[in-house]
Structure formats: structure tokens, C-alpha cells
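Listing of target-v9.txt; format and content: compact mmCIF, N, CA and C atoms.
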# COMPACT_ATOMS: atom_id res chain seq x y z
N MET G 12 0.82 -1.20 0.00
CA MET G 12 0.00 0.00 0.00
C MET G 12 0.87 1.26 0.00
N ALA G 13 1.94 1.25 0.79
CA ALA G 13 2.85 2.40 0.83
C ALA G 13 3.50 2.61 -0.53
N ASN G 14 3.79 1.50 -1.23
CA ASN G 14 4.39 1.60 -2.56
C ASN G 14 3.43 2.28 -3.55
N LEU G 15 2.15 1.95 -3.46
CA LEU G 15 1.15 2.58 -4.33
C LEU G 15 1.07 4.08 -4.05
N PHE G 16 1.06 4.45 -2.79
CA PHE G 16 1.02 5.87 -2.41
C PHE G 16 2.25 6.59 -2.94
N THR G 17 3.41 5.97 -2.83
CA THR G 17 4.65 6.57 -3.32
C THR G 17 4.59 6.75 -4.83
N GLN G 18 4.05 5.77 -5.54
CA GLN G 18 3.92 5.88 -6.99
C GLN G 18 2.99 7.02 -7.37
N ILE G 19 1.93 7.21 -6.62
CA ILE G 19 0.97 8.28 -6.92
C ILE G 19 1.60 9.64 -6.69
N ILE G 20 2.24 9.84 -5.54
CA ILE G 20 2.75 11.18 -5.22
C ILE G 20 4.04 11.51 -5.95
N THR G 21 4.62 10.55 -6.65
CA THR G 21 5.82 10.84 -7.44
C THR G 21 5.53 10.82 -8.94
N ASN G 22 4.26 10.65 -9.31
CA ASN G 22 3.88 10.62 -10.72
C ASN G 22 3.72 12.07 -11.21
N ASN G 23 4.58 12.47 -12.15
CA ASN G 23 4.57 13.87 -12.62
C ASN G 23 3.25 14.26 -13.27
N ILE G 24 2.65 13.36 -14.04
CA ILE G 24 1.38 13.69 -14.70
C ILE G 24 0.31 13.95 -13.65
N PHE G 25 0.23 13.08 -12.64
CA PHE G 25 -0.75 13.27 -11.58
C PHE G 25 -0.51 14.58 -10.83
N LEU G 26 0.73 14.85 -10.48
CA LEU G 26 1.06 16.06 -9.71
C LEU G 26 0.77 17.33 -10.50
N ILE G 27 1.09 17.34 -11.79
CA ILE G 27 0.82 18.52 -12.61
C ILE G 27 -0.68 18.73 -12.78
N CYS G 28 -1.43 17.64 -12.95
CA CYS G 28 -2.90 17.76 -13.05
C CYS G 28 -3.48 18.28 -11.74
N LEU G 29 -2.98 17.80 -10.62
CA LEU G 29 -3.44 18.28 -9.32
C LEU G 29 -3.12 19.76 -9.15
N LEU G 30 -1.93 20.16 -9.57
CA LEU G 30 -1.53 21.57 -9.50
C LEU G 30 -2.41 22.42 -10.42
N THR G 31 -2.73 21.91 -11.59
CA THR G 31 -3.61 22.62 -12.53
C THR G 31 -4.97 22.88 -11.90
N TRP G 32 -5.53 21.84 -11.26
CA TRP G 32 -6.81 22.01 -10.59
C TRP G 32 -6.70 23.06 -9.49
N PHE G 33 -5.65 22.98 -8.68
CA PHE G 33 -5.46 23.91 -7.58
C PHE G 33 -5.34 25.35 -8.08
N VAL G 34 -4.57 25.56 -9.14
CA VAL G 34 -4.38 26.91 -9.69
C VAL G 34 -5.69 27.44 -10.26
N SER G 35 -6.43 26.60 -11.01
CA SER G 35 -7.68 27.09 -11.60
C SER G 35 -8.71 27.41 -10.51
N GLN G 36 -8.77 26.61 -9.45
CA GLN G 36 -9.69 26.92 -8.35
C GLN G 36 -9.24 28.18 -7.61
N SER G 37 -7.93 28.39 -7.49
CA SER G 37 -7.42 29.61 -6.84
C SER G 37 -7.77 30.84 -7.67
N ILE G 38 -7.63 30.73 -8.98
CA ILE G 38 -8.01 31.85 -9.87
C ILE G 38 -9.49 32.16 -9.69
N LYS G 39 -10.31 31.13 -9.61
CA LYS G 39 -11.75 31.32 -9.41
C LYS G 39 -12.03 32.08 -8.11
N PHE G 40 -11.29 31.73 -7.06
CA PHE G 40 -11.43 32.40 -5.77
C PHE G 40 -11.09 33.89 -5.89
N PHE G 41 -9.95 34.20 -6.55
CA PHE G 41 -9.52 35.59 -6.68
C PHE G 41 -10.40 36.39 -7.64
N VAL G 42 -10.92 35.75 -8.68
CA VAL G 42 -11.85 36.43 -9.59
C VAL G 42 -13.11 36.82 -8.83
N HIS G 43 -13.61 35.92 -8.01
CA HIS G 43 -14.80 36.23 -7.21
C HIS G 43 -14.51 37.39 -6.25
N TYR G 44 -13.34 37.37 -5.63
CA TYR G 44 -12.98 38.45 -4.71
C TYR G 44 -12.87 39.79 -5.45
N ALA G 45 -12.27 39.76 -6.64
CA ALA G 45 -12.12 41.00 -7.42
C ALA G 45 -13.48 41.57 -7.82
N LYS G 46 -14.43 40.71 -8.13
CA LYS G 46 -15.76 41.19 -8.53
C LYS G 46 -16.61 41.62 -7.35
N GLN G 47 -16.60 40.84 -6.28
CA GLN G 47 -17.52 41.05 -5.16
C GLN G 47 -16.89 41.74 -3.95
N ARG G 48 -15.56 41.81 -3.90
CA ARG G 48 -14.84 42.34 -2.73
C ARG G 48 -15.27 41.61 -1.46
N GLN G 49 -15.39 40.30 -1.61
CA GLN G 49 -15.85 39.46 -0.51
C GLN G 49 -15.07 38.15 -0.54
N LEU G 50 -14.49 37.75 0.60
CA LEU G 50 -13.80 36.46 0.69
C LEU G 50 -14.83 35.36 0.90
N LYS G 51 -14.90 34.47 -0.05
CA LYS G 51 -15.86 33.38 0.03
C LYS G 51 -15.07 32.09 -0.21
N TYR G 52 -14.69 31.43 0.87
CA TYR G 52 -13.78 30.30 0.78
C TYR G 52 -14.42 29.05 0.15
N ASP G 53 -15.74 28.93 0.22
CA ASP G 53 -16.38 27.75 -0.37
C ASP G 53 -16.30 27.77 -1.90
N ILE G 54 -15.98 28.92 -2.49
CA ILE G 54 -15.78 29.00 -3.95
C ILE G 54 -14.63 28.10 -4.37
N PHE G 55 -13.65 27.94 -3.47
CA PHE G 55 -12.48 27.13 -3.80
C PHE G 55 -12.86 25.69 -4.12
N LEU G 56 -13.93 25.18 -3.53
CA LEU G 56 -14.35 23.80 -3.78
C LEU G 56 -15.62 23.71 -4.63
N SER G 57 -16.04 24.83 -5.22
CA SER G 57 -17.29 24.84 -5.97
C SER G 57 -17.07 24.54 -7.45
N ALA G 58 -18.16 24.19 -8.10
CA ALA G 58 -18.15 24.01 -9.56
C ALA G 58 -18.73 25.26 -10.20
N GLY G 59 -18.36 25.53 -11.43
CA GLY G 59 -18.84 26.72 -12.12
C GLY G 59 -17.91 27.89 -11.88
N GLY G 60 -18.02 28.89 -12.71
CA GLY G 60 -17.19 30.08 -12.56
C GLY G 60 -15.98 30.08 -13.48
N MET G 61 -15.23 31.17 -13.38
CA MET G 61 -14.08 31.41 -14.27
C MET G 61 -12.80 31.10 -13.54
N PRO G 62 -11.93 30.28 -14.06
CA PRO G 62 -12.03 29.44 -15.26
C PRO G 62 -12.64 28.08 -14.91
N SER G 63 -12.95 27.31 -15.91
CA SER G 63 -13.48 25.97 -15.70
C SER G 63 -12.34 25.04 -15.28
N SER G 64 -12.39 24.60 -14.04
CA SER G 64 -11.35 23.67 -13.58
C SER G 64 -11.51 22.30 -14.23
N HIS G 65 -12.74 21.97 -14.64
CA HIS G 65 -12.97 20.70 -15.35
C HIS G 65 -12.21 20.68 -16.67
N SER G 66 -12.39 21.75 -17.45
CA SER G 66 -11.70 21.78 -18.75
C SER G 66 -10.20 21.97 -18.56
N ALA G 67 -9.78 22.71 -17.55
CA ALA G 67 -8.34 22.89 -17.30
C ALA G 67 -7.68 21.57 -16.95
N LEU G 68 -8.31 20.81 -16.09
CA LEU G 68 -7.75 19.53 -15.65
C LEU G 68 -7.67 18.53 -16.80
N THR G 69 -8.75 18.40 -17.57
CA THR G 69 -8.73 17.42 -18.66
C THR G 69 -7.81 17.87 -19.79
N MET G 70 -7.69 19.18 -20.02
CA MET G 70 -6.76 19.66 -21.03
C MET G 70 -5.31 19.42 -20.59
N ALA G 71 -5.02 19.65 -19.33
CA ALA G 71 -3.67 19.39 -18.81
C ALA G 71 -3.32 17.91 -18.96
N PHE G 72 -4.26 17.04 -18.59
CA PHE G 72 -4.02 15.60 -18.70
C PHE G 72 -3.78 15.20 -20.16
N THR G 73 -4.61 15.68 -21.06
CA THR G 73 -4.48 15.34 -22.47
C THR G 73 -3.14 15.83 -23.02
N THR G 74 -2.76 17.04 -22.69
CA THR G 74 -1.48 17.60 -23.15
C THR G 74 -0.31 16.79 -22.61
N LEU G 75 -0.36 16.47 -21.32
CA LEU G 75 0.74 15.72 -20.70
C LEU G 75 0.86 14.31 -21.28
N ILE G 76 -0.26 13.68 -21.56
CA ILE G 76 -0.21 12.34 -22.16
C ILE G 76 0.39 12.42 -23.56
N TYR G 77 0.03 13.45 -24.31
CA TYR G 77 0.61 13.60 -25.65
C TYR G 77 2.12 13.84 -25.57
N LEU G 78 2.55 14.71 -24.66
CA LEU G 78 3.98 14.99 -24.51
C LEU G 78 4.75 13.75 -24.05
N ASP G 79 4.09 12.91 -23.26
CA ASP G 79 4.75 11.71 -22.73
C ASP G 79 4.74 10.55 -23.73
N GLN G 80 3.61 10.37 -24.44
CA GLN G 80 3.44 9.16 -25.27
C GLN G 80 3.21 9.43 -26.75
N GLY G 81 3.02 10.67 -27.12
CA GLY G 81 2.72 10.95 -28.52
C GLY G 81 1.30 10.51 -28.86
N MET G 82 1.10 10.18 -30.13
CA MET G 82 -0.23 9.82 -30.64
C MET G 82 -0.57 8.38 -30.24
N SER G 83 -0.79 8.14 -28.96
CA SER G 83 -1.06 6.80 -28.45
C SER G 83 -2.56 6.59 -28.27
N LEU G 84 -2.94 5.37 -27.94
CA LEU G 84 -4.33 5.07 -27.67
C LEU G 84 -4.81 5.82 -26.43
N LEU G 85 -3.95 5.93 -25.42
CA LEU G 85 -4.31 6.68 -24.21
C LEU G 85 -4.53 8.16 -24.54
N PHE G 86 -3.70 8.73 -25.42
CA PHE G 86 -3.89 10.12 -25.83
C PHE G 86 -5.23 10.28 -26.54
N LEU G 87 -5.54 9.39 -27.47
CA LEU G 87 -6.82 9.49 -28.19
C LEU G 87 -8.01 9.35 -27.25
N PHE G 88 -7.88 8.46 -26.28
CA PHE G 88 -8.94 8.31 -25.29
C PHE G 88 -9.07 9.58 -24.45
N SER G 89 -7.94 10.21 -24.09
CA SER G 89 -8.00 11.44 -23.30
C SER G 89 -8.61 12.59 -24.11
N VAL G 90 -8.39 12.60 -25.43
CA VAL G 90 -9.05 13.61 -26.29
C VAL G 90 -10.57 13.39 -26.24
N LEU G 91 -10.99 12.14 -26.26
CA LEU G 91 -12.42 11.83 -26.16
C LEU G 91 -12.98 12.31 -24.82
N ILE G 92 -12.28 12.04 -23.74
CA ILE G 92 -12.73 12.49 -22.42
C ILE G 92 -12.76 14.02 -22.35
N LEU G 93 -11.74 14.68 -22.92
CA LEU G 93 -11.71 16.14 -22.98
C LEU G 93 -12.93 16.67 -23.73
N SER G 94 -13.24 16.08 -24.87
CA SER G 94 -14.41 16.51 -25.67
C SER G 94 -15.70 16.35 -24.88
N LEU G 95 -15.85 15.22 -24.20
CA LEU G 95 -17.06 15.00 -23.41
C LEU G 95 -17.15 15.97 -22.24
N THR G 96 -16.01 16.27 -21.62
CA THR G 96 -16.00 17.21 -20.50
C THR G 96 -16.40 18.60 -20.94
N VAL G 97 -15.84 19.06 -22.05
CA VAL G 97 -16.18 20.40 -22.57
C VAL G 97 -17.66 20.45 -22.95
N HIS G 98 -18.14 19.41 -23.59
CA HIS G 98 -19.56 19.33 -23.95
C HIS G 98 -20.42 19.41 -22.69
N ASP G 99 -20.03 18.65 -21.67
CA ASP G 99 -20.80 18.61 -20.43
C ASP G 99 -20.84 19.97 -19.75
N VAL G 100 -19.68 20.61 -19.59
CA VAL G 100 -19.68 21.88 -18.87
C VAL G 100 -20.36 22.99 -19.66
N LEU G 101 -20.36 22.90 -20.97
CA LEU G 101 -21.02 23.93 -21.77
C LEU G 101 -22.53 23.75 -21.85
N LEU G 102 -22.98 22.52 -22.04
CA LEU G 102 -24.40 22.31 -22.30
C LEU G 102 -25.17 21.75 -21.10
N LEU G 103 -24.78 20.58 -20.63
CA LEU G 103 -25.58 19.91 -19.60
C LEU G 103 -25.62 20.69 -18.30
N LYS G 104 -24.48 21.15 -17.83
CA LYS G 104 -24.47 21.90 -16.58
C LYS G 104 -25.17 23.24 -16.73
N ARG G 105 -25.06 23.82 -17.91
CA ARG G 105 -25.74 25.11 -18.15
C ARG G 105 -27.25 24.93 -18.07
N HIS G 106 -27.76 23.83 -18.63
CA HIS G 106 -29.19 23.56 -18.55
C HIS G 106 -29.62 23.32 -17.11
N THR G 107 -28.77 22.65 -16.34
CA THR G 107 -29.07 22.42 -14.93
C THR G 107 -29.18 23.74 -14.18
N ALA G 108 -28.30 24.67 -14.48
CA ALA G 108 -28.35 25.99 -13.84
C ALA G 108 -29.64 26.73 -14.21
N GLU G 109 -30.05 26.63 -15.47
CA GLU G 109 -31.29 27.28 -15.90
C GLU G 109 -32.49 26.67 -15.18
N HIS G 110 -32.48 25.35 -15.02
CA HIS G 110 -33.58 24.69 -14.30
C HIS G 110 -33.60 25.12 -12.83
N ALA G 111 -32.41 25.29 -12.24
CA ALA G 111 -32.34 25.73 -10.85
C ALA G 111 -32.93 27.12 -10.69
N LYS G 112 -32.67 28.01 -11.64
CA LYS G 112 -33.24 29.37 -11.57
C LYS G 112 -34.77 29.31 -11.61
N ILE G 113 -35.31 28.47 -12.49
CA ILE G 113 -36.77 28.34 -12.61
C ILE G 113 -37.35 27.77 -11.32
N LEU G 114 -36.69 26.75 -10.76
CA LEU G 114 -37.17 26.17 -9.51
C LEU G 114 -37.17 27.21 -8.39
N ASN G 115 -36.14 28.03 -8.33
CA ASN G 115 -36.08 29.07 -7.30
C ASN G 115 -37.18 30.10 -7.48
N LEU G 116 -37.51 30.43 -8.73
CA LEU G 116 -38.61 31.36 -8.99
C LEU G 116 -39.94 30.76 -8.55
N LEU G 117 -40.14 29.48 -8.86
CA LEU G 117 -41.39 28.81 -8.50
C LEU G 117 -41.54 28.66 -6.99
N MET G 118 -40.45 28.40 -6.30
CA MET G 118 -40.50 28.21 -4.84
C MET G 118 -40.66 29.52 -4.10
N GLY G 119 -40.23 30.61 -4.73
CA GLY G 119 -40.32 31.91 -4.06
C GLY G 119 -39.49 31.94 -2.80
N LYS G 120 -40.01 32.58 -1.79
CA LYS G 120 -39.28 32.69 -0.52
C LYS G 120 -39.63 31.56 0.43
N LYS G 121 -40.50 30.66 0.02
CA LYS G 121 -40.98 29.59 0.91
C LYS G 121 -39.98 28.46 1.08
N GLY G 122 -39.33 28.08 -0.02
CA GLY G 122 -38.48 26.90 0.03
C GLY G 122 -37.00 27.20 0.09
N ARG G 123 -36.24 26.15 0.23
CA ARG G 123 -34.78 26.27 0.23
C ARG G 123 -34.31 26.53 -1.18
N LYS G 124 -33.38 27.46 -1.36
CA LYS G 124 -32.88 27.80 -2.69
C LYS G 124 -32.00 26.69 -3.24
N VAL G 125 -32.11 26.45 -4.53
CA VAL G 125 -31.27 25.49 -5.24
C VAL G 125 -30.09 26.28 -5.82
N GLY G 126 -28.89 25.70 -5.73
CA GLY G 126 -27.70 26.38 -6.27
C GLY G 126 -27.81 26.61 -7.76
N GLU G 127 -27.52 27.84 -8.20
CA GLU G 127 -27.66 28.20 -9.61
C GLU G 127 -26.34 28.31 -10.35
N THR G 128 -25.22 28.29 -9.67
CA THR G 128 -23.92 28.43 -10.34
C THR G 128 -23.32 27.05 -10.63
N VAL G 129 -23.96 26.34 -11.53
CA VAL G 129 -23.53 24.99 -11.84
C VAL G 129 -22.77 24.95 -13.16
N GLY G 130 -23.18 25.72 -14.12
CA GLY G 130 -22.61 25.63 -15.45
C GLY G 130 -21.53 26.65 -15.72
N HIS G 131 -21.08 26.66 -16.95
CA HIS G 131 -20.03 27.57 -17.38
C HIS G 131 -20.46 28.33 -18.63
N GLU G 132 -20.00 29.54 -18.72
CA GLU G 132 -20.11 30.32 -19.95
C GLU G 132 -19.00 29.83 -20.89
N PRO G 133 -19.17 29.99 -22.20
CA PRO G 133 -18.12 29.56 -23.13
C PRO G 133 -16.75 30.16 -22.82
N LEU G 134 -16.70 31.43 -22.43
CA LEU G 134 -15.43 32.07 -22.10
C LEU G 134 -14.76 31.39 -20.91
N GLU G 135 -15.54 30.95 -19.93
CA GLU G 135 -14.98 30.27 -18.77
C GLU G 135 -14.33 28.94 -19.17
N VAL G 136 -14.97 28.23 -20.10
CA VAL G 136 -14.41 26.97 -20.58
C VAL G 136 -13.14 27.22 -21.37
N ILE G 137 -13.18 28.22 -22.24
CA ILE G 137 -11.98 28.56 -23.04
C ILE G 137 -10.83 28.96 -22.13
N ALA G 138 -11.13 29.71 -21.07
CA ALA G 138 -10.08 30.11 -20.12
C ALA G 138 -9.49 28.89 -19.44
N GLY G 139 -10.28 27.86 -19.23
CA GLY G 139 -9.78 26.64 -18.63
C GLY G 139 -8.90 25.84 -19.57
N LEU G 140 -9.15 26.00 -20.87
CA LEU G 140 -8.34 25.26 -21.84
C LEU G 140 -7.01 25.95 -22.03

Using the file provided, produce a representation of the structure as C-alpha cells.
Amino acid sequence: MANLFTQIITNNIFLICLLTWFVSQSIKFFVHYAKQRQLKYDIFLSAGGMPSSHSALTMAFTTLIYLDQGMSLLFLFSVLILSLTVHDVLLLKRHTAEHAKILNLLMGKKGRKVGETVGHEPLEVIAGL
């Protein structure tokens, strides 16, 4: 088990992807602070916002696999995962956010609010890439 942990924490691809996620979430935190002048620490672990950490992470992984292995089967599979991720954050999550807004309007002040910052704008996804 210790050997597996050592392999994980010494794997450059894993570490760079983890760093990519951390940096993109940190940027999201500072962008929110710049706009709102409010420290909101839960933004660091949230989905949605600028930049898309989903697209940043999958783009970093795809790039690193290409640099490591070239045009391999793993690279082609990572391109497929990248395409699905970008599609998901642009369309499916955006529709979820729109549904959340409608639910909040229907519930009015009576019910618990549903989170509306689920999806990404195209610019947020591009910034993540």
C-alpha cells in the first residue's frame, strides 16, 4: 500500500494535473474576490465560474499524455474524455443551472434555494483550456 502511495505522489502527470486544478480553483477564488470584494472560501471547492477547472484539468491531462506518449491510444482516449468534459460543462451543466433558476422562482421565498452556479459560460471553458 505504501508503494502505491509513493507511486501516486511521485507521478509527474498526476502532480501537474493536481496543480492545474489547484491553480484554476485559486483563480476562481480571486476572480470572485475582485468582482464582489468578498472572501468566500467555499468557492475554492465549488463548480462553475471562471475558469473551468474541469476543462483545465482534462486539457492538462491530455497535453501531458501527448507529450509523454505521442499519438497513443491513451492520448486518443483522453481527447475523447476532454471533448465529453467540454460538452458537459457547456451544455448539460448550463441547462441544470437554468432549471435551478426556474425552480427558485417557483418556490419563491418559501423553500430552500437550489444552487444556480452549476454551469459555465463559453469564455470560462476557453479560459480553462

Give me, as a tab-separated table, the closest atom pair and its distance (Å, one decimal) for every residue of stretch 14-34 of chain G within a cut-off of 12 Å of stretch 46-68 of chain G, counting only C-alpha atoms, rows sorted by chain and rising number.
residue	atom	partner	partner_atom	distance
G:Ile24	CA	G:Leu68	CA	10.9
G:Phe25	CA	G:Leu68	CA	10.2
G:Leu26	CA	G:Leu68	CA	11.2
G:Ile27	CA	G:Leu68	CA	9.1
G:Cys28	CA	G:Leu68	CA	5.8
G:Leu29	CA	G:Leu68	CA	7.8
G:Leu30	CA	G:Leu68	CA	9.0
G:Thr31	CA	G:Leu68	CA	6.0
G:Trp32	CA	G:Ser64	CA	5.7
G:Phe33	CA	G:Ser64	CA	8.4
G:Val34	CA	G:Ser64	CA	8.6

Subject >> Proximity to G:Leu91 - best of G:Met70, G:Leu114, G:Leu103, G:Ala45, only C-alpha atoms >> reply: G:Met70

Subject >> helix (DSSP H, G or I) positions in chain G, given as a ChimeraX atom specification >> reply: /G:13-20,23-47,52-56,64-80,84-118,133-139

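Checking G:Asp79, G:His131, G:Phe41, G:Gln36 one by one against G:Arg105, counting only N, CA and C atoms, you find the shortest gap at G:His131.
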
**OP:** Rounded to one decimal place, report the atom CA of G:Arg123-atom N of G:Lys104 distance in Å.
**Re:** 21.4 Å

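Distance-wise, atom C of G:Ile137 and atom C of G:Ser37 end up 14.9 Å apart.
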
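Our summary of the geometry notes that atom C of G:Ile38 is positioned 29.0 Å from atom N of G:Phe88.
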
**OP:** Kindly indicate which residue among G:Leu75, G:Thr69, G:Leu116, G:Ala108 lies nearest to G:Leu93, using all atoms listed in the file for the distances.
**Re:** G:Thr69
